[in-house]
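Listing of entry.csv; format and content: CSV, C-alpha atoms.
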chain,number,residue,atom,x,y,z
A,855,MET,CA,31.7,-9.6,-3.8
A,856,ASN,CA,30.4,-10.7,-7.2
A,857,LYS,CA,27.4,-9.0,-8.7
A,858,TYR,CA,24.9,-11.6,-7.6
A,859,THR,CA,25.8,-11.5,-3.9
A,860,GLU,CA,26.0,-7.7,-4.3
A,861,ARG,CA,22.3,-7.7,-5.4
A,862,LEU,CA,21.3,-9.8,-2.4
A,863,TYR,CA,23.2,-7.6,0.0
A,864,ASN,CA,21.7,-4.5,-1.6
A,865,GLY,CA,18.1,-5.8,-1.1
A,866,LEU,CA,18.6,-7.2,2.4
A,867,VAL,CA,20.7,-4.4,3.9
A,868,LYS,CA,21.7,-1.4,1.8
A,869,GLU,CA,18.3,-0.7,0.2
A,870,ASN,CA,16.1,-2.7,2.5
A,871,PRO,CA,12.5,-2.0,1.2
A,872,THR,CA,11.0,-1.8,4.7
A,873,PHE,CA,13.7,-0.2,6.8
A,874,VAL,CA,15.6,2.0,4.3
A,875,LEU,CA,13.3,2.7,1.3
A,876,MET,CA,9.9,2.5,3.1
A,877,LEU,CA,8.1,1.0,0.1
A,878,GLY,CA,5.0,-1.1,0.3
A,879,MET,CA,3.6,0.5,3.4
A,880,CYS,CA,0.0,-0.8,3.1
A,881,PRO,CA,0.9,-4.5,3.6
A,882,THR,CA,3.6,-3.6,6.1
A,883,LEU,CA,1.0,-2.0,8.4
A,884,ALA,CA,-1.9,-4.3,7.7
A,885,VAL,CA,-0.5,-7.9,7.9
A,886,THR,CA,2.1,-7.6,10.6
A,887,THR,CA,-0.2,-8.5,13.5
A,888,SER,CA,1.8,-11.6,14.0
A,889,ALA,CA,5.3,-12.9,12.9
A,890,ILE,CA,3.8,-15.7,10.8
A,891,ASN,CA,1.6,-13.4,8.8
A,892,GLY,CA,4.6,-11.2,8.2
A,893,ILE,CA,6.6,-14.1,6.8
A,894,GLY,CA,3.7,-15.3,4.7
A,895,MET,CA,3.1,-11.9,3.1
A,896,GLY,CA,6.8,-11.4,2.6
A,897,LEU,CA,7.4,-14.7,0.9
A,898,SER,CA,4.4,-14.4,-1.4
A,899,THR,CA,5.6,-10.9,-2.4
A,900,THR,CA,9.1,-12.4,-3.0
A,901,VAL,CA,7.8,-15.1,-5.3
A,902,VAL,CA,5.8,-12.5,-7.4
A,903,LEU,CA,8.8,-10.2,-7.4
A,904,VAL,CA,11.3,-12.8,-8.6
A,905,LEU,CA,9.1,-14.2,-11.3
A,906,SER,CA,8.0,-10.8,-12.6
A,907,ASN,CA,11.5,-9.4,-12.5
A,908,MET,CA,12.7,-12.4,-14.6
A,909,LEU,CA,9.9,-12.2,-17.1
A,910,ILE,CA,10.1,-8.4,-17.5
A,911,SER,CA,13.9,-8.7,-17.9
A,912,MET,CA,13.4,-11.4,-20.6
A,913,LEU,CA,10.8,-9.2,-22.4
A,914,ARG,CA,12.7,-5.9,-21.9
A,915,LYS,CA,13.8,-5.6,-25.6
A,916,ILE,CA,10.3,-6.6,-26.9
A,917,ILE,CA,8.0,-4.3,-24.8
A,918,PRO,CA,7.8,-0.9,-26.5
A,919,ASP,CA,8.7,1.9,-24.2
A,920,SER,CA,5.4,3.8,-24.4
A,921,VAL,CA,3.3,0.9,-23.2
A,922,ARG,CA,5.7,-0.5,-20.6
A,923,MET,CA,3.7,0.4,-17.5
A,924,PRO,CA,0.5,-1.4,-18.6
A,925,ALA,CA,2.6,-4.4,-19.8
A,926,PHE,CA,4.4,-4.6,-16.4
A,927,ILE,CA,1.0,-4.4,-14.6
A,928,VAL,CA,-0.3,-7.3,-16.7
A,929,VAL,CA,2.8,-9.4,-15.9
A,930,VAL,CA,2.6,-8.7,-12.2
A,931,ALA,CA,-1.1,-9.2,-12.0
A,932,SER,CA,-0.8,-12.6,-13.7
A,933,PHE,CA,1.8,-13.8,-11.3
A,934,VAL,CA,-0.2,-12.5,-8.3
A,935,THR,CA,-3.3,-14.4,-9.5
A,936,ILE,CA,-1.2,-17.6,-9.8
A,937,VAL,CA,0.3,-17.1,-6.3
A,938,GLN,CA,-3.2,-16.3,-4.9
A,939,PHE,CA,-4.6,-19.6,-6.2
A,940,LEU,CA,-1.6,-21.7,-5.0
A,941,MET,CA,-2.0,-20.2,-1.5
A,942,GLU,CA,-5.7,-20.8,-1.5
A,943,GLY,CA,-5.1,-24.4,-2.4
A,944,PHE,CA,-2.0,-25.3,-0.2
A,945,VAL,CA,-2.1,-22.9,2.8
A,946,PRO,CA,-5.7,-22.0,3.2
A,947,SER,CA,-5.4,-20.7,6.8
A,948,LEU,CA,-2.7,-18.2,5.8
A,949,TYR,CA,-4.7,-17.3,2.8
A,950,ALA,CA,-7.7,-16.6,5.0
A,951,SER,CA,-5.7,-14.4,7.4
A,952,LEU,CA,-4.0,-12.3,4.7
A,953,GLY,CA,-7.3,-12.0,2.7
A,954,ILE,CA,-7.6,-9.1,0.4
A,955,TYR,CA,-3.9,-8.1,0.8
A,956,ILE,CA,-2.8,-11.0,-1.5
A,957,PRO,CA,-4.4,-9.6,-4.7
A,958,LEU,CA,-3.3,-6.2,-3.6
A,959,ILE,CA,0.3,-7.3,-4.1
A,960,VAL,CA,-0.3,-6.0,-7.6
A,961,VAL,CA,-0.3,-2.4,-6.5
A,962,ASN,CA,2.7,-2.9,-4.1
A,963,CYS,CA,5.1,-0.2,-5.2
A,964,ILE,CA,8.2,-2.4,-4.6
A,965,ILE,CA,7.3,-4.7,-7.5
A,966,LEU,CA,6.6,-2.0,-10.1
A,967,GLY,CA,9.5,0.0,-8.7
A,968,ARG,CA,12.0,-2.8,-9.2
A,969,ALA,CA,10.5,-3.6,-12.7
A,970,GLU,CA,10.9,0.0,-13.7
A,971,SER,CA,14.3,0.8,-12.1
A,972,TYR,CA,16.1,-2.6,-12.4
A,973,ALA,CA,14.6,-5.4,-14.3
A,974,SER,CA,13.7,-3.4,-17.4
A,975,LYS,CA,17.4,-2.5,-17.8
A,976,ASN,CA,19.3,-5.5,-16.8
A,977,PRO,CA,19.8,-9.2,-17.9
A,978,VAL,CA,17.8,-12.0,-16.5
A,979,LEU,CA,20.1,-13.5,-13.8
A,980,PRO,CA,21.0,-10.2,-12.0
A,981,SER,CA,17.3,-9.3,-12.1
A,982,MET,CA,16.4,-12.6,-10.5
A,983,PHE,CA,18.9,-12.0,-7.7
A,984,ASP,CA,17.7,-8.4,-7.4
A,985,GLY,CA,14.2,-9.8,-6.9
A,986,ILE,CA,15.4,-12.4,-4.3
A,987,GLY,CA,17.4,-9.8,-2.4
A,988,MET,CA,14.6,-7.2,-2.3
A,989,GLY,CA,11.9,-9.9,-1.6
A,990,LEU,CA,13.9,-11.3,1.3
A,991,GLY,CA,14.6,-7.8,2.6
A,992,PHE,CA,10.9,-7.2,2.6
A,993,THR,CA,10.2,-10.5,4.3
A,994,PHE,CA,12.9,-9.7,6.9
A,995,GLY,CA,11.3,-6.3,7.6
A,996,LEU,CA,7.8,-7.6,7.9
A,997,THR,CA,8.9,-10.5,10.1
A,998,CYS,CA,10.8,-8.1,12.5
A,999,ILE,CA,7.8,-5.8,12.8
A,1000,GLY,CA,5.5,-8.8,13.2
A,1001,ILE,CA,7.7,-10.2,16.0
A,1002,VAL,CA,7.7,-6.9,17.9
A,1003,ARG,CA,3.9,-6.4,17.5
A,1004,GLU,CA,3.1,-10.0,18.5
A,1005,LEU,CA,5.5,-10.0,21.4
A,1006,LEU,CA,4.2,-6.7,22.9
A,1007,GLY,CA,0.6,-7.4,21.9
A,1008,SER,CA,0.1,-10.9,23.1
A,1009,GLY,CA,3.4,-12.0,24.8
A,1010,LYS,CA,4.0,-14.6,22.1
A,1011,VAL,CA,6.3,-15.1,19.1
A,1012,PHE,CA,5.3,-17.5,16.4
A,1013,ASP,CA,2.4,-18.5,18.6
A,1014,ILE,CA,4.7,-19.7,21.4
A,1015,GLN,CA,4.4,-18.0,24.7
A,1016,VAL,CA,7.8,-16.3,25.5
A,1017,LEU,CA,7.0,-13.7,28.1
A,1018,PRO,CA,5.9,-14.9,31.6
A,1019,GLU,CA,2.2,-15.3,32.4
A,1020,SER,CA,2.5,-12.3,34.7
A,1021,TYR,CA,3.0,-10.0,31.6
A,1022,GLU,CA,-0.1,-8.1,30.8
A,1023,PRO,CA,-0.3,-7.9,27.0
A,1024,ILE,CA,-0.6,-4.4,25.5
A,1025,THR,CA,-3.4,-5.5,23.1
A,1026,ILE,CA,-3.3,-2.2,21.2
A,1027,PHE,CA,-0.2,-3.4,19.4
A,1028,ILE,CA,-2.0,-6.1,17.5
A,1029,LEU,CA,-4.8,-3.7,16.7
A,1030,ALA,CA,-4.8,-1.0,13.9
A,1031,PRO,CA,-3.4,1.9,16.0
A,1032,GLY,CA,-0.4,-0.2,17.1
A,1033,ALA,CA,0.7,-0.5,13.5
A,1034,PHE,CA,0.9,3.3,13.2
A,1035,PHE,CA,2.8,3.6,16.5
A,1036,VAL,CA,5.4,0.9,15.5
A,1037,LEU,CA,5.9,2.5,12.1
A,1038,ALA,CA,6.2,6.0,13.7
A,1039,CYS,CA,9.1,4.7,15.9
A,1040,LEU,CA,10.7,3.2,12.8
A,1041,THR,CA,10.5,6.4,10.8
A,1042,ALA,CA,11.8,8.4,13.8
A,1043,LEU,CA,14.8,6.0,13.9
A,1044,GLN,CA,15.3,6.6,10.1
A,1045,ASN,CA,15.2,10.4,10.7
A,1046,VAL,CA,18.0,9.9,13.3
A,1047,MET,CA,20.0,7.8,10.8
A,1048,LYS,CA,19.5,10.3,8.0
A,1049,LYS,CA,20.7,13.1,10.2
A,1050,LYS,CA,23.8,11.2,11.2
A,1051,ALA,CA,24.6,10.5,7.5
A,1052,LEU,CA,24.1,14.2,6.7
A,1053,GLU,CA,26.4,15.2,9.5
A,1054,LYS,CA,29.1,13.0,8.1
A,1055,GLY,CA,28.5,14.7,4.8
A,1056,ASP,CA,27.2,11.5,3.1
A,1057,VAL,CA,24.4,13.2,1.2
A,1058,LYS,CA,23.9,10.3,-1.2
A,1059,LYS,CA,23.3,7.8,1.6
A,1060,ALA,CA,21.0,10.3,3.4
A,1061,GLU,CA,18.9,10.7,0.3
A,1062,LYS,CA,18.3,7.0,0.0
A,1063,ILE,CA,17.0,6.6,3.6
A,1064,GLY,CA,13.3,6.6,3.8
A,1065,CYS,CA,12.8,7.2,0.1
A,1066,GLY,CA,12.6,4.8,-2.8
A,1067,THR,CA,14.8,5.2,-5.8
A,1068,ASN,CA,11.7,5.6,-7.9
A,1069,CYS,CA,10.4,8.8,-6.2
A,1070,ALA,CA,7.9,10.0,-8.8
A,1071,GLU,CA,5.0,8.0,-7.5
A,1072,CYS,CA,6.0,8.2,-3.9
A,1073,GLY,CA,3.3,9.7,-1.6
A,1074,LYS,CA,6.0,10.8,0.8
A,1075,LYS,CA,7.9,12.9,-1.7
A,1076,GLU,CA,6.6,16.1,0.0
A,1077,THR,CA,7.4,15.0,3.5
A,1078,CYS,CA,10.7,13.5,2.7
A,1079,GLY,CA,13.8,15.7,2.9
A,1080,ASN,CA,12.3,17.6,5.8
A,1081,LEU,CA,15.5,17.4,7.8
A,1082,LYS,CA,17.8,18.8,5.2
B,1344,MET,CA,-32.6,0.6,2.2
B,1345,LYS,CA,-31.6,-0.4,5.7
B,1346,GLU,CA,-29.0,-2.7,4.4
B,1347,LEU,CA,-27.5,0.0,2.2
B,1348,LEU,CA,-27.3,2.3,5.1
B,1349,LEU,CA,-25.5,-0.4,7.2
B,1350,ILE,CA,-23.0,-0.9,4.4
B,1351,ALA,CA,-22.4,2.8,4.1
B,1352,VAL,CA,-21.9,3.4,7.8
B,1353,GLY,CA,-19.8,0.3,8.1
B,1354,SER,CA,-17.4,1.2,5.4
B,1355,ALA,CA,-17.2,4.9,6.0
B,1356,PHE,CA,-16.6,4.8,9.8
B,1357,VAL,CA,-16.4,1.4,11.4
B,1358,ASN,CA,-13.9,-0.1,8.9
B,1359,ASN,CA,-12.4,3.2,7.9
B,1360,VAL,CA,-10.3,2.5,4.7
B,1361,VAL,CA,-7.2,4.3,6.0
B,1362,LEU,CA,-7.3,3.9,9.7
B,1363,SER,CA,-8.4,0.3,10.0
B,1364,GLN,CA,-7.7,-1.3,6.6
B,1365,PHE,CA,-4.5,0.6,5.8
B,1366,LEU,CA,-5.4,1.2,2.2
B,1367,GLY,CA,-4.4,4.4,0.6
B,1368,ILE,CA,-1.7,5.2,3.2
B,1369,CYS,CA,0.5,6.9,0.6
B,1370,PRO,CA,-1.8,9.8,-0.3
B,1371,PHE,CA,-2.9,9.9,3.3
B,1372,LEU,CA,0.6,10.7,4.4
B,1373,GLY,CA,1.7,12.6,1.3
B,1374,VAL,CA,-1.2,15.0,0.4
B,1375,SER,CA,-2.4,15.9,3.9
B,1376,LYS,CA,-0.4,19.0,4.5
B,1377,ASN,CA,-3.3,21.5,4.3
B,1378,VAL,CA,-7.0,21.1,4.4
B,1379,LYS,CA,-7.7,22.5,0.9
B,1380,THR,CA,-5.5,20.0,-1.0
B,1381,ALA,CA,-6.6,17.2,1.3
B,1382,GLY,CA,-10.2,18.0,0.4
B,1383,GLY,CA,-9.4,18.0,-3.3
B,1384,MET,CA,-7.7,14.7,-3.0
B,1385,GLY,CA,-10.7,13.3,-1.1
B,1386,GLY,CA,-13.0,14.6,-3.7
B,1387,ALA,CA,-11.1,13.0,-6.5
B,1388,VAL,CA,-11.0,9.7,-4.6
B,1389,ILE,CA,-14.8,9.8,-4.1
B,1390,PHE,CA,-15.3,10.4,-7.8
B,1391,VAL,CA,-12.9,7.7,-9.0
B,1392,ILE,CA,-13.9,5.0,-6.5
B,1393,THR,CA,-17.6,5.5,-7.1
B,1394,ILE,CA,-17.3,5.2,-10.8
B,1395,SER,CA,-14.8,2.4,-10.7
B,1396,SER,CA,-17.0,0.3,-8.3
B,1397,PHE,CA,-19.9,0.7,-10.8
B,1398,VAL,CA,-17.8,-0.2,-13.8
B,1399,THR,CA,-16.0,-3.1,-12.3
B,1400,GLY,CA,-19.3,-4.3,-10.9
B,1401,LEU,CA,-20.8,-4.3,-14.4
B,1402,ILE,CA,-17.8,-6.0,-15.9
B,1403,TYR,CA,-17.8,-8.7,-13.2
B,1404,LYS,CA,-21.5,-9.4,-13.5
B,1405,PHE,CA,-22.0,-9.2,-17.2
B,1406,ILE,CA,-18.6,-10.3,-18.7
B,1407,LEU,CA,-16.6,-12.3,-16.2
B,1408,VAL,CA,-19.3,-14.4,-14.6
B,1409,PRO,CA,-21.2,-15.5,-17.8
B,1410,THR,CA,-17.9,-16.4,-19.5
B,1411,GLY,CA,-16.5,-18.2,-16.5
B,1412,PHE,CA,-13.4,-16.0,-16.2
B,1413,GLU,CA,-13.9,-14.9,-12.6
B,1414,TYR,CA,-10.4,-15.9,-11.8
B,1415,LEU,CA,-9.1,-13.1,-14.0
B,1416,GLN,CA,-10.6,-10.5,-11.7
B,1417,THR,CA,-7.4,-9.0,-10.4
B,1418,ILE,CA,-5.9,-8.6,-13.8
B,1419,VAL,CA,-9.1,-7.2,-15.4
B,1420,PHE,CA,-9.8,-4.8,-12.5
B,1421,ILE,CA,-6.4,-3.2,-12.3
B,1422,LEU,CA,-6.4,-2.6,-16.1
B,1423,VAL,CA,-9.9,-1.3,-16.1
B,1424,ILE,CA,-9.1,1.1,-13.2
B,1425,ALA,CA,-5.9,2.3,-14.9
B,1426,ALA,CA,-7.7,3.0,-18.1
B,1427,LEU,CA,-10.7,4.5,-16.3
B,1428,VAL,CA,-8.6,7.1,-14.5
B,1429,GLN,CA,-7.1,8.2,-17.8
B,1430,PHE,CA,-10.5,8.3,-19.4
B,1431,VAL,CA,-12.0,10.3,-16.5
B,1432,GLU,CA,-9.1,12.7,-16.7
B,1433,MET,CA,-9.6,13.3,-20.4
B,1434,PHE,CA,-13.4,13.5,-20.0
B,1435,LEU,CA,-13.3,16.1,-17.3
B,1436,LYS,CA,-10.7,18.2,-19.1
B,1437,LYS,CA,-13.0,18.4,-22.1
B,1438,VAL,CA,-16.4,18.6,-20.5
B,1439,MET,CA,-16.0,20.1,-17.1
B,1440,PRO,CA,-12.9,22.3,-17.0
B,1441,PRO,CA,-13.7,23.8,-13.5
B,1442,LEU,CA,-13.9,20.4,-11.9
B,1443,TYR,CA,-10.8,19.3,-13.8
B,1444,ASN,CA,-8.9,22.3,-12.5
B,1445,ALA,CA,-10.0,21.4,-8.9
B,1446,LEU,CA,-9.2,17.7,-9.1
B,1447,GLY,CA,-6.9,17.3,-12.1
B,1448,VAL,CA,-3.5,17.1,-10.3
B,1449,TYR,CA,-4.8,14.4,-8.0
B,1450,LEU,CA,-6.2,12.1,-10.6
B,1451,PRO,CA,-3.0,10.5,-11.8
B,1452,LEU,CA,-2.0,9.8,-8.2
B,1453,ILE,CA,-5.1,7.7,-7.8
B,1454,THR,CA,-4.2,4.9,-10.2
B,1455,THR,CA,-1.6,3.6,-7.8
B,1456,ASN,CA,-3.9,4.0,-4.8
B,1457,CYS,CA,-4.6,0.6,-3.5
B,1458,ALA,CA,-8.0,1.7,-2.1
B,1459,VAL,CA,-9.5,1.7,-5.6
B,1460,LEU,CA,-8.6,-1.9,-6.4
B,1461,GLY,CA,-9.3,-2.8,-2.7
B,1462,VAL,CA,-12.9,-1.7,-3.0
B,1463,ALA,CA,-13.4,-3.4,-6.3
B,1464,LEU,CA,-12.2,-6.7,-4.8
B,1465,THR,CA,-14.1,-6.3,-1.6
B,1466,ASN,CA,-17.3,-5.8,-3.6
B,1467,VAL,CA,-16.7,-9.2,-5.3
B,1468,THR,CA,-15.6,-11.0,-2.1
B,1469,LYS,CA,-18.7,-9.9,-0.2
B,1470,SER,CA,-20.8,-10.6,-3.3
B,1471,TYR,CA,-22.5,-7.2,-3.3
B,1472,SER,CA,-25.0,-6.4,-6.0
B,1473,ILE,CA,-24.0,-3.5,-8.3
B,1474,LEU,CA,-26.0,-0.9,-6.3
B,1475,GLU,CA,-24.6,-2.2,-3.0
B,1476,GLY,CA,-21.1,-2.1,-4.6
B,1477,VAL,CA,-21.5,1.6,-5.6
B,1478,VAL,CA,-22.8,2.5,-2.2
B,1479,ASN,CA,-19.9,0.6,-0.6
B,1480,GLY,CA,-17.4,2.4,-2.9
B,1481,PHE,CA,-18.9,5.8,-2.2
B,1482,ALA,CA,-18.9,5.3,1.5
B,1483,THR,CA,-15.4,4.0,1.6
B,1484,ALA,CA,-14.2,7.0,-0.3
B,1485,ALA,CA,-16.2,9.3,2.0
B,1486,GLY,CA,-14.4,7.7,4.9
B,1487,PHE,CA,-11.1,8.4,3.2
B,1488,LEU,CA,-12.2,12.1,2.7
B,1489,VAL,CA,-13.1,12.4,6.4
B,1490,ALA,CA,-9.8,10.8,7.5
B,1491,ILE,CA,-7.6,12.9,5.3
B,1492,VAL,CA,-9.3,16.2,6.0
B,1493,LEU,CA,-9.2,15.6,9.7
B,1494,MET,CA,-5.5,14.7,9.4
B,1495,ALA,CA,-4.8,17.8,7.4
B,1496,GLY,CA,-6.5,19.9,10.0
B,1497,ILE,CA,-4.4,18.4,12.8
B,1498,ARG,CA,-1.2,18.7,10.8
B,1499,GLU,CA,-1.8,22.5,10.2
B,1500,LYS,CA,-1.8,22.8,14.0
B,1501,ILE,CA,1.2,20.5,14.5
B,1502,GLU,CA,3.2,22.9,12.4
B,1503,TYR,CA,3.3,25.3,15.4
B,1504,ASN,CA,4.2,22.7,18.0
B,1505,ASP,CA,7.6,21.8,19.4
B,1506,VAL,CA,7.9,18.2,18.2
B,1507,PRO,CA,11.0,16.3,19.3
B,1508,GLU,CA,13.5,16.5,16.5
B,1509,ALA,CA,13.5,12.8,15.5
B,1510,PHE,CA,9.7,12.8,15.3
B,1511,ARG,CA,9.4,15.7,12.9
B,1512,GLY,CA,7.9,15.0,9.5
B,1513,THR,CA,6.4,11.5,8.9
B,1514,PRO,CA,6.7,10.0,12.4
B,1515,ILE,CA,4.5,12.5,14.1
B,1516,VAL,CA,1.9,12.1,11.3
B,1517,LEU,CA,1.9,8.4,12.0
B,1518,VAL,CA,1.5,8.9,15.7
B,1519,THR,CA,-1.4,11.2,15.0
B,1520,ALA,CA,-2.9,8.6,12.7
B,1521,GLY,CA,-2.6,6.0,15.4
B,1522,LEU,CA,-4.5,8.2,17.9
B,1523,MET,CA,-7.1,8.9,15.2
B,1524,ALA,CA,-7.4,5.1,14.7
B,1525,ILE,CA,-8.1,4.7,18.5
B,1526,ALA,CA,-10.8,7.4,18.2
B,1527,PHE,CA,-12.4,5.6,15.3
B,1528,PHE,CA,-12.7,2.5,17.4
B,1529,GLY,CA,-15.5,4.3,19.1
B,1530,PHE,CA,-17.6,3.8,16.0
B,1531,SER,CA,-17.4,0.0,16.2
B,1532,GLY,CA,-20.4,0.1,18.6
B,1533,LEU,CA,-22.5,1.6,15.8
B,1534,ILE,CA,-23.3,-1.7,14.0
What's the structure tokens form of this structure?
Amino acid sequence: MNKYTERLYNGLVKENPTFVLMLGMCPTLAVTTSAINGIGMGLSTTVVLVLSNMLISMLRKIIPDSVRMPAFIVVVASFVTIVQFLMEGFVPSLYASLGIYIPLIVVNCIILGRAESYASKNPVLPSMFDGIGMGLGFTFGLTCIGIVRELLGSGKVFDIQVLPESYEPITIFILAPGAFFVLACLTALQNVMKKKALEKGDVKKAEKIGCGTNCAECGKKETCGNLK
Amino acid sequence: MKELLLIAVGSAFVNNVVLSQFLGICPFLGVSKNVKTAGGMGGAVIFVITISSFVTGLIYKFILVPTGFEYLQTIVFILVIAALVQFVEMFLKKVMPPLYNALGVYLPLITTNCAVLGVALTNVTKSYSILEGVVNGFATAAGFLVAIVLMAGIREKIEYNDVPEAFRGTPIVLVTAGLMAIAFFGFSGLI
């Protein structure tokens, strides 16, 4: 595997931001009421992630170390603004349903996390593929959660009726509490995976599950590692 | 006055920032282990969000709108918030050491809290006046305080319960949050 496909594999599977690292939880919970919203949010995040990774990687030797955080934020915020206006112009219905969560991509920890831990240290092309891998991994995660919630909550997937009419939709799954329940099952699954990895003695793998590589800002740093 | 009250009740309970808008999930999960720290975090959030809604409101109305740069709001707001948190931290350290000792550790955590930017943007989207914006900010943050303190209280009790092994830690907290969100649906009849 060359280093570009390795980056893609890393983002999609090995360090999947939704299922493995658990980054960017606010949009994950908020916009996954349907599969299409999940895809829309995932792809717009991907675009911002790829562009900001590339620009930050290009500027990595120019930006002084002491002001790198504000500089990253400005770069990310600029791309978010561009994406926001493009979406408002070309996909107004998606823009309306994602609403405030589009500008909030700025504070999505995946983007600053990748800028800090990868793009600021690596050349442009690998950074670009890192962005694509991570972004598609995020899109994949959001879409999966969106499909589950939409299926259980309304019997549809991508607005197409798949379950028979006799199925009584569990509406709670497309409402706010459903988001918490789905995520709870997901993190429980991670706990099981983490425990299995630990039993095999694979501490490195276990540490990665459910925890971003950039732990300093992570709100879960107190809860994580409970099973050790 | 009635409108302000409606905004306050609406953003504190009906559209609770954590339980129905999913903003500020990270501190909600991370800093809700005991009631005291949860209260400290909630206090710091109230402090920062109220000030930041006032400052961003002023900047939007008197700088961005007259110069026609409204489209830069996201960039300007996030920078203002990041700078403001630093400034508030320094100011408190110098002028009010007791308050700083109580809130200090939580302040840096707040810069990355999406609720702060979320409130600033909501104020603009709903075209609130500066006073309405401040009330909205204060009420949203008060809603956060209520949610995080309730959660911390519940978590202190969960410690003594026999939770299935896979659900220990974050999962049971999320299940609890889901049940709280159902309870908060009860408020939707208020407005």
For the interface of chain B with chain A (cut-off 7 Å, counting all atoms listed in the file), please tabulate each contacting residue of chain B alongside its nearest pair of atoms and their separation in Å to one decimal, rows sorted by chain and increasing number, as CSV.
residue,atom,partner,partner_atom,distance
B:Leu1362,CA,A:Ala1030,CA,6.9
B:Ser1363,CA,A:Ala1030,CA,5.5
B:Gln1364,CA,A:Ala884,CA,6.6
B:Phe1365,CA,A:Cys880,CA,5.4
B:Leu1366,CA,A:Cys880,CA,5.8
B:Ile1368,CA,A:Cys880,CA,6.2
B:Cys1369,CA,A:Gly1073,CA,4.5
B:Pro1370,CA,A:Gly1073,CA,5.3
B:Leu1372,CA,A:Lys1074,CA,6.5
B:Gly1373,CA,A:Gly1073,CA,4.4
B:Thr1417,CA,A:Pro957,CA,6.5
B:Ile1418,CA,A:Ala931,CA,5.2
B:Thr1455,CA,A:Val961,CA,6.3
B:Cys1457,CA,A:Val961,CA,6.0
B:Gly1461,CA,A:Leu958,CA,7.0
B:Ala1509,CA,A:Ala1042,CA,5.0
B:Phe1510,CA,A:Ala1042,CA,5.1
B:Gly1512,CA,A:Thr1077,CA,6.0
B:Thr1513,CA,A:Thr1077,CA,6.5
B:Pro1514,CA,A:Ala1038,CA,4.2
B:Ile1515,CA,A:Ala1038,CA,6.7
B:Leu1517,CA,A:Ala1038,CA,5.2
B:Val1518,CA,A:Phe1035,CA,5.5
B:Ala1520,CA,A:Phe1034,CA,6.5
B:Gly1521,CA,A:Pro1031,CA,4.2
B:Leu1522,CA,A:Pro1031,CA,6.7
B:Ala1524,CA,A:Pro1031,CA,5.3
B:Ile1525,CA,A:Pro1031,CA,6.0
Output C-alpha atoms for every residue in that selection, as a PDB file, keeping the file's coordinate frame.
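Everything below was put into out.pdb:
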ATOM      1  CA  LEU B1362      -7.300   3.900   9.700  1.00  0.00           C
ATOM      2  CA  SER B1363      -8.400   0.300  10.000  1.00  0.00           C
ATOM      3  CA  GLN B1364      -7.700  -1.300   6.600  1.00  0.00           C
ATOM      4  CA  PHE B1365      -4.500   0.600   5.800  1.00  0.00           C
ATOM      5  CA  LEU B1366      -5.400   1.200   2.200  1.00  0.00           C
ATOM      6  CA  ILE B1368      -1.700   5.200   3.200  1.00  0.00           C
ATOM      7  CA  CYS B1369       0.500   6.900   0.600  1.00  0.00           C
ATOM      8  CA  PRO B1370      -1.800   9.800  -0.300  1.00  0.00           C
ATOM      9  CA  LEU B1372       0.600  10.700   4.400  1.00  0.00           C
ATOM     10  CA  GLY B1373       1.700  12.600   1.300  1.00  0.00           C
ATOM     11  CA  THR B1417      -7.400  -9.000 -10.400  1.00  0.00           C
ATOM     12  CA  ILE B1418      -5.900  -8.600 -13.800  1.00  0.00           C
ATOM     13  CA  THR B1455      -1.600   3.600  -7.800  1.00  0.00           C
ATOM     14  CA  CYS B1457      -4.600   0.600  -3.500  1.00  0.00           C
ATOM     15  CA  GLY B1461      -9.300  -2.800  -2.700  1.00  0.00           C
ATOM     16  CA  ALA B1509      13.500  12.800  15.500  1.00  0.00           C
ATOM     17  CA  PHE B1510       9.700  12.800  15.300  1.00  0.00           C
ATOM     18  CA  GLY B1512       7.900  15.000   9.500  1.00  0.00           C
ATOM     19  CA  THR B1513       6.400  11.500   8.900  1.00  0.00           C
ATOM     20  CA  PRO B1514       6.700  10.000  12.400  1.00  0.00           C
ATOM     21  CA  ILE B1515       4.500  12.500  14.100  1.00  0.00           C
ATOM     22  CA  LEU B1517       1.900   8.400  12.000  1.00  0.00           C
ATOM     23  CA  VAL B1518       1.500   8.900  15.700  1.00  0.00           C
ATOM     24  CA  ALA B1520      -2.900   8.600  12.700  1.00  0.00           C
ATOM     25  CA  GLY B1521      -2.600   6.000  15.400  1.00  0.00           C
ATOM     26  CA  LEU B1522      -4.500   8.200  17.900  1.00  0.00           C
ATOM     27  CA  ALA B1524      -7.400   5.100  14.700  1.00  0.00           C
ATOM     28  CA  ILE B1525      -8.100   4.700  18.500  1.00  0.00           C
TER      29      ILE B1525
END
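Around the point (-19.6, -2.2, -4.9), within 9 Å and counting all atoms listed in the file, we find these residues: Thr1393, Ser1395, Ser1396, Phe1397, Thr1399, Gly1400, Val1462, Ala1463, Leu1464, Thr1465, Asn1466, Val1467, Ser1470, Tyr1471, Ser1472, Ile1473, Leu1474, Glu1475, Gly1476, Val1477, Val1478, Asn1479, Gly1480 and Phe1481 of chain B.
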From the list B:Ala1484, B:Tyr1449, B:Leu1442, B:Gly1353, the nearest residue to Ile1394 in chain B using only C-alpha atoms is B:Ala1484
- Which residue out of A:Met908, A:Val937, A:Leu1005, A:Val901 has the minimum interatomic distance to Tyr949 in chain A when all atoms listed in the file are used?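 Selected residue with least distance to Tyr949 in chain A: A:Val937.
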Find the residues near range 1354-1358 of chain B: any atom within 9 Å, counting all atoms listed in the file, skip ones fewer than 6 places away on the same chain, and give them as an MDAnalysis selection string.
-> chainID B and resid 1364 1479:1487 1489 1527:1534
